[in-house]
Structures are given as C-alpha cells and as structure tokens.
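File shown: data20.csv. Contents: CSV, C-alpha atoms.
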```
chain,number,residue,atom,x,y,z
A,19,MET,CA,68.5,48.5,-21.4
A,20,SER,CA,72.0,48.6,-22.9
A,21,THR,CA,72.4,47.3,-26.5
A,22,LEU,CA,71.7,43.5,-26.7
A,23,GLY,CA,72.3,41.2,-29.6
A,24,ALA,CA,69.2,39.8,-31.4
A,25,THR,CA,70.3,36.2,-30.6
A,26,ILE,CA,69.7,33.3,-28.3
A,27,LEU,CA,72.7,31.0,-28.3
A,28,GLY,CA,73.6,27.5,-27.3
A,29,VAL,CA,77.2,26.8,-26.1
A,30,ALA,CA,79.3,23.7,-26.6
A,31,GLY,CA,79.8,22.1,-23.2
A,32,THR,CA,79.3,22.2,-19.5
A,33,GLU,CA,81.3,25.4,-19.0
A,34,LEU,CA,82.3,28.3,-21.2
A,35,THR,CA,85.4,28.3,-23.2
A,36,PRO,CA,87.6,31.4,-23.4
A,37,GLU,CA,86.5,31.9,-27.0
A,38,GLU,CA,82.8,31.6,-26.1
A,39,THR,CA,83.2,34.0,-23.3
A,40,ALA,CA,84.9,36.6,-25.5
A,41,LEU,CA,82.1,36.3,-28.2
A,42,ILE,CA,79.4,36.6,-25.6
A,43,ARG,CA,81.0,39.7,-24.1
A,44,ALA,CA,81.3,41.3,-27.5
A,45,SER,CA,77.8,40.4,-28.8
A,46,ARG,CA,75.7,40.4,-25.5
A,47,PRO,CA,73.1,37.9,-26.7
A,48,PHE,CA,69.5,38.5,-25.5
A,49,GLY,CA,69.5,35.0,-24.1
A,50,PHE,CA,70.9,31.4,-24.1
A,51,ILE,CA,69.5,27.9,-24.4
A,52,LEU,CA,70.8,24.7,-22.8
A,53,PHE,CA,70.9,21.1,-24.1
A,54,SER,CA,71.8,17.8,-22.7
A,55,ARG,CA,75.5,18.4,-23.6
A,56,ASN,CA,75.4,21.4,-21.2
A,57,ILE,CA,74.1,19.4,-18.2
A,58,ASP,CA,76.0,17.3,-15.7
A,59,SER,CA,74.9,18.1,-12.2
A,60,PRO,CA,72.7,20.8,-10.4
A,61,ASP,CA,75.7,22.7,-9.1
A,62,GLN,CA,77.4,22.7,-12.6
A,63,VAL,CA,74.2,23.9,-14.3
A,64,ARG,CA,73.8,26.7,-11.8
A,65,ALA,CA,77.5,27.7,-12.3
A,66,LEU,CA,77.0,27.7,-16.1
A,67,CYS,CA,73.9,29.9,-15.9
A,68,ASP,CA,75.9,32.3,-13.7
A,69,SER,CA,78.8,32.4,-16.1
A,70,LEU,CA,76.5,33.0,-19.1
A,71,ARG,CA,74.8,35.9,-17.5
A,72,GLN,CA,78.1,37.3,-16.2
A,73,ALA,CA,79.7,37.2,-19.7
A,74,ALA,CA,76.6,38.8,-21.3
A,75,ASP,CA,76.6,41.4,-18.6
A,76,HIS,CA,72.8,41.3,-18.1
A,77,ASN,CA,70.2,39.1,-16.5
A,78,ALA,CA,69.7,37.1,-19.6
A,79,PRO,CA,66.9,34.6,-19.9
A,80,ILE,CA,68.2,31.0,-20.0
A,81,LEU,CA,66.0,28.7,-22.0
A,82,ILE,CA,65.6,24.9,-22.2
A,83,ASP,CA,63.4,22.4,-23.9
A,84,GLN,CA,61.8,20.6,-21.0
A,85,GLU,CA,58.5,19.4,-22.5
A,86,GLY,CA,58.7,16.0,-20.9
A,87,GLY,CA,58.6,12.7,-22.7
A,88,ARG,CA,61.0,12.4,-25.6
A,89,VAL,CA,62.0,16.1,-25.4
A,90,GLN,CA,63.5,16.8,-22.0
A,91,ARG,CA,67.0,17.9,-21.4
A,92,LEU,CA,66.9,17.2,-17.6
A,93,ARG,CA,66.7,13.5,-17.0
A,94,GLY,CA,66.6,10.9,-14.2
A,95,PRO,CA,67.8,10.0,-11.8
A,96,VAL,CA,68.7,13.5,-10.8
A,97,TRP,CA,65.5,15.1,-12.3
A,98,ARG,CA,62.0,13.7,-12.9
A,99,GLU,CA,61.0,11.8,-15.9
A,100,TRP,CA,57.7,12.5,-17.6
A,101,LEU,CA,55.2,10.9,-19.9
A,102,PRO,CA,54.9,12.3,-23.4
A,103,PRO,CA,52.4,15.3,-23.2
A,104,LEU,CA,49.8,13.7,-25.4
A,105,GLU,CA,49.8,10.5,-23.3
A,106,GLN,CA,49.3,12.6,-20.1
A,107,VAL,CA,46.5,14.6,-21.6
A,108,GLU,CA,44.7,11.5,-22.7
A,109,LEU,CA,45.3,9.7,-19.4
A,110,ALA,CA,43.9,12.7,-17.4
A,111,GLY,CA,40.8,13.1,-19.6
A,112,ARG,CA,38.5,15.8,-18.4
A,113,HIS,CA,41.2,16.8,-15.8
A,114,ALA,CA,43.8,17.5,-18.5
A,115,GLU,CA,44.2,21.2,-17.7
A,116,GLU,CA,44.6,20.6,-14.0
A,117,ALA,CA,47.1,17.7,-14.6
A,118,MET,CA,49.2,19.6,-17.0
A,119,TYR,CA,49.3,22.6,-14.7
A,120,ALA,CA,50.6,20.4,-11.9
A,121,ARG,CA,53.2,18.8,-14.3
A,122,TYR,CA,54.6,22.1,-15.5
A,123,ARG,CA,54.4,23.8,-12.1
A,124,ILE,CA,56.7,21.0,-10.9
A,125,ILE,CA,58.9,21.4,-14.0
A,126,ALA,CA,59.1,25.2,-13.4
A,127,HIS,CA,60.2,24.6,-9.8
A,128,GLU,CA,63.0,22.3,-11.0
A,129,LEU,CA,64.1,24.8,-13.6
A,130,ILE,CA,64.2,27.9,-11.4
A,131,GLU,CA,66.2,26.1,-8.8
A,132,LEU,CA,69.0,25.7,-11.5
A,133,GLY,CA,68.9,29.3,-12.7
A,134,ILE,CA,66.9,28.4,-15.8
A,135,ASP,CA,64.0,30.9,-16.2
A,136,ALA,CA,62.4,30.1,-19.6
A,137,ASN,CA,61.0,26.9,-21.1
A,138,CYS,CA,60.1,26.2,-24.7
A,139,ALA,CA,56.5,25.3,-23.9
A,140,PRO,CA,53.5,25.3,-24.3
A,141,LEU,CA,53.5,23.4,-27.6
A,142,VAL,CA,50.1,24.1,-29.0
A,143,ASP,CA,50.5,22.6,-32.5
A,144,VAL,CA,47.2,20.8,-33.3
A,145,ALA,CA,47.8,17.1,-33.9
A,146,GLY,CA,46.1,15.4,-36.8
A,147,ARG,CA,46.0,11.9,-38.4
A,148,GLN,CA,49.2,12.6,-40.5
A,149,THR,CA,51.2,14.6,-38.0
A,150,HIS,CA,54.8,13.4,-38.2
A,151,PRO,CA,55.9,11.2,-35.3
A,152,PHE,CA,58.7,13.7,-34.3
A,153,LEU,CA,55.9,16.0,-33.2
A,154,LYS,CA,52.7,14.0,-32.6
A,155,ASN,CA,53.0,12.8,-29.0
A,156,ARG,CA,54.4,16.2,-28.0
A,157,CYS,CA,51.1,17.8,-28.8
A,158,TYR,CA,48.1,18.3,-26.4
A,159,GLY,CA,45.3,17.0,-28.7
A,160,THR,CA,43.4,17.3,-31.9
A,161,ASP,CA,40.8,19.9,-31.0
A,162,PRO,CA,42.1,23.5,-31.3
A,163,ASP,CA,40.0,24.9,-28.4
A,164,SER,CA,41.0,22.1,-26.1
A,165,VAL,CA,44.6,22.5,-27.1
A,166,ALA,CA,44.4,26.2,-26.3
A,167,LYS,CA,42.9,25.5,-22.8
A,168,VAL,CA,45.6,23.0,-21.9
A,169,GLY,CA,48.2,25.4,-23.4
A,170,ARG,CA,46.9,28.2,-21.1
A,171,ALA,CA,47.3,25.9,-18.1
A,172,VAL,CA,50.8,25.1,-19.1
A,173,ALA,CA,51.7,28.8,-19.6
A,174,ASN,CA,50.2,29.7,-16.2
A,175,ALA,CA,52.1,27.0,-14.5
A,176,HIS,CA,55.4,28.4,-15.8
A,177,LEU,CA,54.5,32.0,-15.0
A,178,ASP,CA,53.5,31.0,-11.5
A,179,GLY,CA,56.9,29.3,-11.1
A,180,GLY,CA,58.9,32.3,-12.3
A,181,VAL,CA,59.7,30.8,-15.7
A,182,LEU,CA,58.8,32.4,-19.0
A,183,PRO,CA,56.8,30.2,-21.3
A,184,VAL,CA,57.7,30.1,-25.0
A,185,VAL,CA,54.7,29.2,-27.1
A,186,LYS,CA,55.5,27.1,-30.2
A,187,HIS,CA,55.5,26.6,-33.1
A,188,ILE,CA,53.8,29.7,-34.4
A,189,PRO,CA,51.6,29.6,-36.6
A,190,GLY,CA,51.2,25.9,-36.2
A,191,HIS,CA,53.3,22.8,-37.1
A,192,GLY,CA,50.7,20.0,-36.8
A,193,ARG,CA,50.1,19.5,-40.5
A,194,ALA,CA,53.8,18.8,-41.1
A,195,VAL,CA,54.3,15.2,-42.5
A,196,VAL,CA,58.1,15.5,-42.5
A,197,ASP,CA,60.5,16.3,-39.7
A,198,SER,CA,61.7,19.9,-40.0
A,199,HIS,CA,65.0,19.0,-38.4
A,200,PHE,CA,65.9,17.4,-41.7
A,201,ASP,CA,63.4,18.5,-44.4
A,202,LEU,CA,61.1,21.4,-45.2
A,203,PRO,CA,57.4,20.6,-44.6
A,204,VAL,CA,55.0,22.1,-47.1
A,205,VAL,CA,51.3,22.7,-46.3
A,206,ASP,CA,48.7,23.3,-49.0
A,207,THR,CA,45.7,24.0,-46.7
A,208,ASP,CA,43.8,27.2,-47.4
A,209,ILE,CA,44.1,30.1,-45.0
A,210,ASP,CA,40.5,30.0,-43.8
A,211,THR,CA,40.8,26.4,-42.7
A,212,LEU,CA,44.1,27.2,-41.0
A,213,ALA,CA,42.6,30.1,-39.2
A,214,GLU,CA,39.8,27.8,-37.8
A,215,THR,CA,42.2,25.1,-36.8
A,216,ASP,CA,46.0,25.5,-36.6
A,217,PHE,CA,46.0,29.2,-35.8
A,218,ARG,CA,43.3,29.1,-33.2
A,219,PRO,CA,45.4,28.1,-30.1
A,220,PHE,CA,48.1,30.7,-31.0
A,221,ALA,CA,45.4,33.4,-31.2
A,222,ALA,CA,44.0,32.3,-27.9
A,223,LEU,CA,47.5,32.6,-26.3
A,224,SER,CA,48.5,35.7,-28.2
A,225,ASP,CA,49.2,37.6,-25.0
A,226,LEU,CA,52.1,35.3,-24.0
A,227,PRO,CA,55.5,37.0,-23.7
A,228,MET,CA,57.5,34.8,-26.1
A,229,GLY,CA,56.9,32.6,-29.1
A,230,MET,CA,58.9,30.4,-31.5
A,231,THR,CA,58.4,30.1,-35.2
A,232,ALA,CA,57.7,27.0,-37.3
A,233,HIS,CA,60.0,26.1,-40.2
A,234,LEU,CA,57.5,25.2,-42.8
A,235,VAL,CA,55.8,26.6,-45.9
A,236,TYR,CA,52.2,27.6,-46.0
A,237,GLU,CA,51.6,27.7,-49.8
A,238,ALA,CA,48.4,29.7,-49.4
A,239,CYS,CA,50.4,32.5,-47.9
A,240,ASP,CA,53.9,32.4,-49.3
A,241,ALA,CA,56.4,30.1,-51.0
A,242,ALA,CA,59.1,31.0,-48.3
A,243,PRO,CA,59.3,29.2,-45.0
A,244,ALA,CA,57.3,31.0,-42.3
A,245,THR,CA,60.5,31.9,-40.4
A,246,THR,CA,61.8,33.9,-43.4
A,247,SER,CA,58.5,35.1,-44.8
A,248,ARG,CA,57.5,38.7,-44.3
A,249,ARG,CA,53.9,37.8,-45.2
A,250,MET,CA,53.7,35.0,-42.6
A,251,MET,CA,55.2,37.2,-39.9
A,252,GLN,CA,52.6,39.9,-40.8
A,253,LEU,CA,49.9,37.3,-40.5
A,254,ILE,CA,51.2,36.2,-37.1
A,255,ARG,CA,51.2,39.8,-35.9
A,256,ALA,CA,47.9,41.0,-37.5
A,257,GLN,CA,45.6,38.0,-37.9
A,258,ILE,CA,46.8,35.8,-35.1
A,259,GLY,CA,47.5,38.9,-32.9
A,260,PHE,CA,50.7,37.8,-31.3
A,261,ASP,CA,52.7,40.8,-30.0
A,262,GLY,CA,55.2,38.9,-27.9
A,263,LEU,CA,58.9,38.4,-28.7
A,264,ILE,CA,59.2,36.0,-31.6
A,265,MET,CA,62.3,33.9,-31.9
A,266,THR,CA,63.1,31.6,-34.8
A,267,ASP,CA,63.2,27.9,-34.3
A,268,ASP,CA,66.8,26.7,-34.5
A,269,ILE,CA,68.2,28.5,-37.5
A,270,SER,CA,70.6,25.6,-38.2
A,271,MET,CA,67.8,23.1,-38.8
A,272,LYS,CA,67.9,21.4,-42.2
A,273,ALA,CA,64.4,22.7,-43.2
A,274,LEU,CA,66.1,26.0,-44.0
A,275,LYS,CA,68.5,26.1,-46.9
A,276,GLY,CA,71.4,28.6,-47.2
A,277,ASP,CA,74.2,29.9,-45.1
A,278,LEU,CA,73.3,30.9,-41.5
A,279,ALA,CA,74.3,34.5,-41.9
A,280,THR,CA,71.9,35.0,-44.8
A,281,LEU,CA,69.2,33.0,-43.1
A,282,SER,CA,69.6,35.1,-39.9
A,283,ARG,CA,69.3,38.4,-41.9
A,284,GLN,CA,66.3,37.1,-43.8
A,285,SER,CA,64.5,36.1,-40.6
A,286,ILE,CA,65.1,39.5,-39.0
A,287,GLU,CA,64.0,41.3,-42.2
A,288,ALA,CA,60.9,39.1,-42.3
A,289,GLY,CA,59.9,40.3,-38.8
A,290,CYS,CA,61.4,37.8,-36.3
A,291,ASP,CA,62.9,39.6,-33.3
A,292,VAL,CA,65.6,37.1,-32.2
A,293,ILE,CA,67.6,34.4,-34.0
A,294,LEU,CA,67.9,31.1,-32.1
A,295,HIS,CA,71.1,29.1,-32.7
A,296,CYS,CA,71.3,25.9,-30.8
A,297,ASN,CA,74.2,23.6,-31.8
A,298,GLY,CA,77.1,25.5,-30.1
A,299,THR,CA,79.4,25.3,-33.1
A,300,PHE,CA,81.6,28.3,-32.6
A,301,ASP,CA,82.1,29.4,-36.2
A,302,GLU,CA,78.3,29.3,-36.7
A,303,MET,CA,77.8,31.3,-33.5
A,304,LYS,CA,80.1,34.0,-34.9
A,305,ALA,CA,78.2,34.1,-38.2
A,306,VAL,CA,74.8,34.3,-36.6
A,307,THR,CA,75.7,37.0,-34.1
A,308,GLY,CA,77.4,39.1,-36.8
A,309,ALA,CA,74.4,38.9,-39.1
A,310,SER,CA,71.5,39.2,-36.5
A,311,GLY,CA,72.4,42.7,-35.3
A,312,THR,CA,71.0,44.2,-32.1
A,313,LEU,CA,67.5,44.6,-30.6
A,314,ALA,CA,65.9,47.9,-31.5
A,315,GLY,CA,62.5,49.5,-32.1
A,316,ALA,CA,59.5,47.1,-31.7
A,317,ALA,CA,61.8,44.1,-31.1
A,318,LEU,CA,63.5,45.9,-28.2
A,319,ARG,CA,60.1,46.8,-26.8
A,320,ARG,CA,59.0,43.2,-27.0
A,321,ALA,CA,62.2,42.0,-25.4
A,322,GLU,CA,61.8,44.4,-22.5
A,323,ALA,CA,58.2,43.3,-22.0
A,324,ALA,CA,59.3,39.6,-22.0
A,325,LEU,CA,61.9,40.2,-19.4
A,326,ALA,CA,59.4,42.2,-17.3
A,327,ALA,CA,57.1,39.2,-17.3
A,328,ARG,CA,59.5,37.2,-15.1
A,329,LYS,CA,58.0,37.1,-11.7
A,330,THR,CA,59.0,35.8,-8.2
A,331,PRO,CA,57.6,32.2,-8.0
A,332,THR,CA,54.5,31.7,-6.0
A,333,LYS,CA,54.8,29.4,-3.0
A,334,VAL,CA,54.3,25.7,-3.9
A,335,ASP,CA,54.0,22.4,-2.1
A,336,ILE,CA,55.8,20.0,-4.5
A,337,PRO,CA,54.9,16.8,-2.7
A,338,ALA,CA,51.2,17.8,-2.6
A,339,LEU,CA,51.3,18.6,-6.3
A,340,GLU,CA,52.9,15.2,-7.1
A,341,ALA,CA,50.3,13.4,-5.1
A,342,LYS,CA,47.5,15.4,-6.8
A,343,LEU,CA,49.0,14.6,-10.2
A,344,ALA,CA,49.3,10.9,-9.4
A,345,GLU,CA,45.6,11.0,-8.4
A,346,LEU,CA,44.6,12.7,-11.6
A,347,LEU,CA,46.6,10.2,-13.7
A,348,HIS,CA,45.1,7.2,-11.8
A,349,GLY,CA,48.5,6.2,-10.5
A,350,GLN,CA,49.8,5.7,-14.0
A,351,GLY,CA,52.0,8.8,-14.3
A,352,ASN,CA,55.8,8.4,-14.0
A,353,VAL,CA,56.7,11.4,-11.9
```

Show me, as structure tokens, the structure contained in the file I just sent.
Amino acid sequence: MSTLGATILGVAGTELTPEETALIRASRPFGFILFSRNIDSPDQVRALCDSLRQAADHNAPILIDQEGGRVQRLRGPVWREWLPPLEQVELAGRHAEEAMYARYRIIAHELIELGIDANCAPLVDVAGRQTHPFLKNRCYGTDPDSVAKVGRAVANAHLDGGVLPVVKHIPGHGRAVVDSHFDLPVVDTDIDTLAETDFRPFAALSDLPMGMTAHLVYEACDAAPATTSRRMMQLIRAQIGFDGLIMTDDISMKALKGDLATLSRQSIEAGCDVILHCNGTFDEMKAVTGASGTLAGAALRRAEAALAARKTPTKVDIPALEAKLAELLHGQGNV
C-alpha cells in the first residue's frame, strides 16, 4: 500500500471543491465520512464517493453514521426511516438479535448501493439510569452481555452486506452524564467495575476491524480523555484486547480542549491509528492532515487488515427481510 494519511475526513458539500481535491491528492487520507450536508440524491452520492476515491488515488473506505433513529444521515422519502435502536431492541424482545440483524442488513444494502462501505455501528455502550439523552436511545440495552450479542448481530449484518462495521465508543460511553459534543464527561467508576460492565461488550467484539474512541475521562485510569490517553489506549489494546484500527471520535468535538493540530498529534502519540475530522472546515482539515502524519508500523498493519475485511455482499432478499422484521416488531416498526 502506498503511503496514506492517518486521517478520515469530512468535506463541505455535495461535491468536491478544487481546494479540497488538491488537499486530498496531497494528503491521501485513509478514508472519508459523509454527513447530511453531503447528501442530495443517490446519483449525487455515488458521484461524490467516486470523486473522493479518485482524488485519494486508492479505494478509500467511505463511512457514514447510519444508526437509525435520531442518528441517520440518509433520510426519507428516498431512504428508509428507522426506530431508535433501543426502542427496536425493546420491541423485539427475545428476538432482538434477529431483528437487529435484519435492520442493519437492509441498511448495509442501502449503503453499498451508494458506494458507502463503512458504517459507524455497532454502538455497544451500555445504557444506565443516568446515561445522557444524546446517547441513551442509541444504545442496545443495559445488560453488557445482551448488548454484546446484539452488537455481534449488527456487525455480522454489515459484514454480510459488504460494509465495514465500526464499533463505538471504545472503551464505553454509557456512564457519561453530559454530551461529549459540548462538554467532557468524567467517570469516577473503578476499573474492576468498568471491566465487568462497560468494557465487556468491547472485549466480546475485539475481533472487529475498526473501532472509534470515546471522548471522556476515566479517573481510575488517567486524568486525560481516553482519546489522548496513552494509558487508556494501552488498556484498550491489552485488557480489552481490541487489535483493530482505532479512529478517534470527531477530533473537533468540544469535549477536547486545544487546537486541532495538537489534539491530533496527542491522539496519535497516545496510540490512536487514525484521526477523524468531520465538520469539513477547510482550514481545520489542513491542520489535521498536517499534524496526523501517515500510516506506518502497527497502524498500517491494522489499516490493511481493515481494508481486507471488506467482502463481496452475500445475496439478500430485501422484501423478505422487511417482512420478517415487521413480523418480529409486531407490525410496529417504521421501515
């Protein structure tokens, strides 16, 4: 693999600007991420994906946040609308794994038809009584082992559909009582308790090809946010056992304090493999690409392994899956 930048970038609009194209050609990001601002029509999305890969000069993974519910970038009437994940899990009851597999196999089919081949799911943060509303109904439940089983079904659905799953938010965001888009959550729970609860689903899914960090402080481990903490990254690798490619959560979120170049360097030095920058602000993109460097060593090995995990989608009967999902949800799903 030729030299690739240790970044995943968002761009500003529905097509590349000349300035963005030049930056992408020069920095060759590992991948890209799309948001609602990048989406107009199926043909436009396919053309944008093609132009991103052409500018980067490699078959770059193109990511999206298509959890369903509040967090979905593809919306009706062109694409399907979905219940919040926690509502669907509760509605499906003992059939939650089967129902969530069907849901995300349909989502993977929609994504791959557009040229999008990675999705920021499964989200296996364990919900609790005080989990902040920004996260809670995006979770799959309150029991770590059940969350892990549903997370495995979600991951398998993506992989069967030719889409890379990105497990998040390592090592667990469920105890956050503030929104990390705006503030830094601080968790004072001891490590043994965390290992038995929050960390468990991530350990169970430690074989997945890609993961995303959590911007929060675990006081029992380090005073620095997990994304920029060498101790936390070592815990993720050694104790949780995750050896996939680790990207930061969006480096421009307000939970992290400091300029983006410094934060990018700190995250790479801590042990993150790739910096995720989402907002498409061009000056920020330049700063992040300049500070993140290129993939090398273990990070390059993980990147190559992640890319190799992309498979040709298995054959699927979407109408049959939709009918099965409606049955599992007692006709109350909103596919």

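Minimum distance to Leu212 of chain A across A:Leu253, A:Ala136, A:Ala317, A:Leu182 (counting only C-alpha atoms) occurs at A:Leu253.
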
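With atom CA of Ile258 of chain A on one side and atom CA of Ile188 of chain A on the other, the separation reads 9.3 Å.
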
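When all atoms listed in the file are used to measure the gap to Met303 of chain A, the shortest distance among A:Thr39, A:Ala242, A:Val96, A:Leu22 belongs to A:Thr39.
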
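Of the listed residues A:Val235, A:Val142, A:Ala24, A:Ala166, the one whose atoms come nearest to Ala222 of chain A is A:Ala166, with distances taken using only C-alpha atoms.
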
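Taking atom CA of Gln72 of chain A as the reference point, atom CA of Leu92 of chain A is found at 23.1 Å.
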
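For the choices A:Arg121, A:His191, A:Ala321, A:Phe300, the atom-to-atom distance to Pro36 of chain A is smallest for A:Phe300 when using only C-alpha atoms.
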
Counting all atoms listed in the file, the residue of A:Thr299, A:Ser198, A:Thr307, A:Thr215 that sits nearest Lys275 of chain A: A:Ser198

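Each of A:Ser69, A:Gln148, A:Ser310, A:Thr21 was compared to Glu38 of chain A using all atoms listed in the file, and A:Ser69 turns out to be the nearest.
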
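A straight line drawn from atom CA of Glu108 of chain A to atom CA of Arg170 of chain A is 16.9 Å long.
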
Nearby residues, (53.5, 11.5, -26.9) file frame, 6 Å, only C-alpha atoms, as number ranges by chain: A: 102-105, 155-156

May I have the protein, DNA and RNA residues with an atom at most 8 Å from (58.9, 17.4, -35.9), counting all atoms listed in the file in the file's coordinates, returned as a compact mmCIF listing (two decimals) with C-alpha atoms, in the frame of the given file?
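To be explicit, this is the file written out as point-v9.txt:
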```txt
# COMPACT_ATOMS: atom_id res chain seq x y z
CA HIS A 150 54.80 13.40 -38.20
CA PRO A 151 55.90 11.20 -35.30
CA PHE A 152 58.70 13.70 -34.30
CA LEU A 153 55.90 16.00 -33.20
CA LYS A 154 52.70 14.00 -32.60
CA HIS A 191 53.30 22.80 -37.10
CA ALA A 194 53.80 18.80 -41.10
CA VAL A 196 58.10 15.50 -42.50
CA ASP A 197 60.50 16.30 -39.70
CA SER A 198 61.70 19.90 -40.00
CA HIS A 199 65.00 19.00 -38.40
```

Within 12 Å of Lys272 of chain A using all atoms listed in the file, minus same-chain residues under 4 positions, as a ChimeraX atom specification: /A:196-203,233-234,243,267-268,276-278,281

Shell of 10 Å around Ala324 of chain A, all atoms listed in the file, local chain residues under 5 positions omitted, as a VMD selection string: chain A and resid 79 182 to 183 226 to 228 262 to 263 318 to 319

For Tyr158 of chain A, find every residue with an atom within 12 Å (counting only C-alpha atoms), except residues of its own chain fewer than 3 positions away, and show them as a CSV table (one decimal) with C-alpha atoms, keeping the file's coordinate frame.
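Wrote out_27.csv, looks like this:
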```csv
chain,number,residue,atom,x,y,z
A,85,GLU,CA,58.5,19.4,-22.5
A,102,PRO,CA,54.9,12.3,-23.4
A,103,PRO,CA,52.4,15.3,-23.2
A,104,LEU,CA,49.8,13.7,-25.4
A,105,GLU,CA,49.8,10.5,-23.3
A,106,GLN,CA,49.3,12.6,-20.1
A,107,VAL,CA,46.5,14.6,-21.6
A,108,GLU,CA,44.7,11.5,-22.7
A,109,LEU,CA,45.3,9.7,-19.4
A,110,ALA,CA,43.9,12.7,-17.4
A,111,GLY,CA,40.8,13.1,-19.6
A,114,ALA,CA,43.8,17.5,-18.5
A,115,GLU,CA,44.2,21.2,-17.7
A,117,ALA,CA,47.1,17.7,-14.6
A,118,MET,CA,49.2,19.6,-17.0
A,139,ALA,CA,56.5,25.3,-23.9
A,140,PRO,CA,53.5,25.3,-24.3
A,141,LEU,CA,53.5,23.4,-27.6
A,142,VAL,CA,50.1,24.1,-29.0
A,143,ASP,CA,50.5,22.6,-32.5
A,144,VAL,CA,47.2,20.8,-33.3
A,145,ALA,CA,47.8,17.1,-33.9
A,146,GLY,CA,46.1,15.4,-36.8
A,153,LEU,CA,55.9,16.0,-33.2
A,154,LYS,CA,52.7,14.0,-32.6
A,155,ASN,CA,53.0,12.8,-29.0
A,161,ASP,CA,40.8,19.9,-31.0
A,162,PRO,CA,42.1,23.5,-31.3
A,163,ASP,CA,40.0,24.9,-28.4
A,164,SER,CA,41.0,22.1,-26.1
A,165,VAL,CA,44.6,22.5,-27.1
A,166,ALA,CA,44.4,26.2,-26.3
A,167,LYS,CA,42.9,25.5,-22.8
A,168,VAL,CA,45.6,23.0,-21.9
A,169,GLY,CA,48.2,25.4,-23.4
A,170,ARG,CA,46.9,28.2,-21.1
A,171,ALA,CA,47.3,25.9,-18.1
A,172,VAL,CA,50.8,25.1,-19.1
A,192,GLY,CA,50.7,20.0,-36.8
A,219,PRO,CA,45.4,28.1,-30.1
```

Residues within 10 Å of Gly259 of chain A, all atoms listed in the file, excluding chain neighbours under 2 positions, as a PyMOL selection string: chain A and resi 220-225+252-257+261-262

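Within 10 Å of Gln90 of chain A, once all atoms listed in the file are used and residues closer than 2 positions along the same chain are dropped, the contacting residues are Phe53, Ser54, Ile82, Asp83, Gln84, Glu85, Gly86, Gly87, Arg88, Leu92, Arg93, Arg98, Glu99, Trp100 and Pro102 of chain A.
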
Save segment 163-174 of chain A of the structure in the block above to a file, with N, CA and C atoms included, as a PDB file, in the first residue's frame.
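part-v4.pdb, written as the output of this step:
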```
ATOM      1  N   ASP A 163     -23.795  -8.312  28.502  1.00  0.00           N
ATOM      2  CA  ASP A 163     -23.729  -9.496  27.655  1.00  0.00           C
ATOM      3  C   ASP A 163     -24.793  -9.453  26.558  1.00  0.00           C
ATOM      4  N   SER A 164     -25.979  -8.966  26.892  1.00  0.00           N
ATOM      5  CA  SER A 164     -27.026  -8.825  25.873  1.00  0.00           C
ATOM      6  C   SER A 164     -26.632  -7.793  24.827  1.00  0.00           C
ATOM      7  N   VAL A 165     -26.042  -6.696  25.282  1.00  0.00           N
ATOM      8  CA  VAL A 165     -25.573  -5.657  24.363  1.00  0.00           C
ATOM      9  C   VAL A 165     -24.532  -6.241  23.408  1.00  0.00           C
ATOM     10  N   ALA A 166     -23.630  -7.062  23.950  1.00  0.00           N
ATOM     11  CA  ALA A 166     -22.596  -7.671  23.107  1.00  0.00           C
ATOM     12  C   ALA A 166     -23.209  -8.586  22.056  1.00  0.00           C
ATOM     13  N   LYS A 167     -24.209  -9.367  22.424  1.00  0.00           N
ATOM     14  CA  LYS A 167     -24.844 -10.276  21.469  1.00  0.00           C
ATOM     15  C   LYS A 167     -25.547  -9.512  20.356  1.00  0.00           C
ATOM     16  N   VAL A 168     -26.268  -8.457  20.721  1.00  0.00           N
ATOM     17  CA  VAL A 168     -26.916  -7.639  19.695  1.00  0.00           C
ATOM     18  C   VAL A 168     -25.859  -6.953  18.834  1.00  0.00           C
ATOM     19  N   GLY A 169     -24.793  -6.472  19.472  1.00  0.00           N
ATOM     20  CA  GLY A 169     -23.705  -5.840  18.726  1.00  0.00           C
ATOM     21  C   GLY A 169     -23.076  -6.779  17.721  1.00  0.00           C
ATOM     22  N   ARG A 170     -22.936  -8.045  18.095  1.00  0.00           N
ATOM     23  CA  ARG A 170     -22.386  -9.039  17.160  1.00  0.00           C
ATOM     24  C   ARG A 170     -23.324  -9.225  15.973  1.00  0.00           C
ATOM     25  N   ALA A 171     -24.617  -9.263  16.215  1.00  0.00           N
ATOM     26  CA  ALA A 171     -25.575  -9.405  15.122  1.00  0.00           C
ATOM     27  C   ALA A 171     -25.500  -8.209  14.179  1.00  0.00           C
ATOM     28  N   VAL A 172     -25.364  -7.025  14.743  1.00  0.00           N
ATOM     29  CA  VAL A 172     -25.253  -5.802  13.935  1.00  0.00           C
ATOM     30  C   VAL A 172     -23.974  -5.838  13.102  1.00  0.00           C
ATOM     31  N   ALA A 173     -22.877  -6.222  13.715  1.00  0.00           N
ATOM     32  CA  ALA A 173     -21.602  -6.303  12.987  1.00  0.00           C
ATOM     33  C   ALA A 173     -21.681  -7.332  11.854  1.00  0.00           C
ATOM     34  N   ASN A 174     -22.257  -8.500  12.138  1.00  0.00           N
ATOM     35  CA  ASN A 174     -22.367  -9.530  11.108  1.00  0.00           C
ATOM     36  C   ASN A 174     -23.230  -9.062   9.941  1.00  0.00           C
TER      37      ASN A 174
END
```
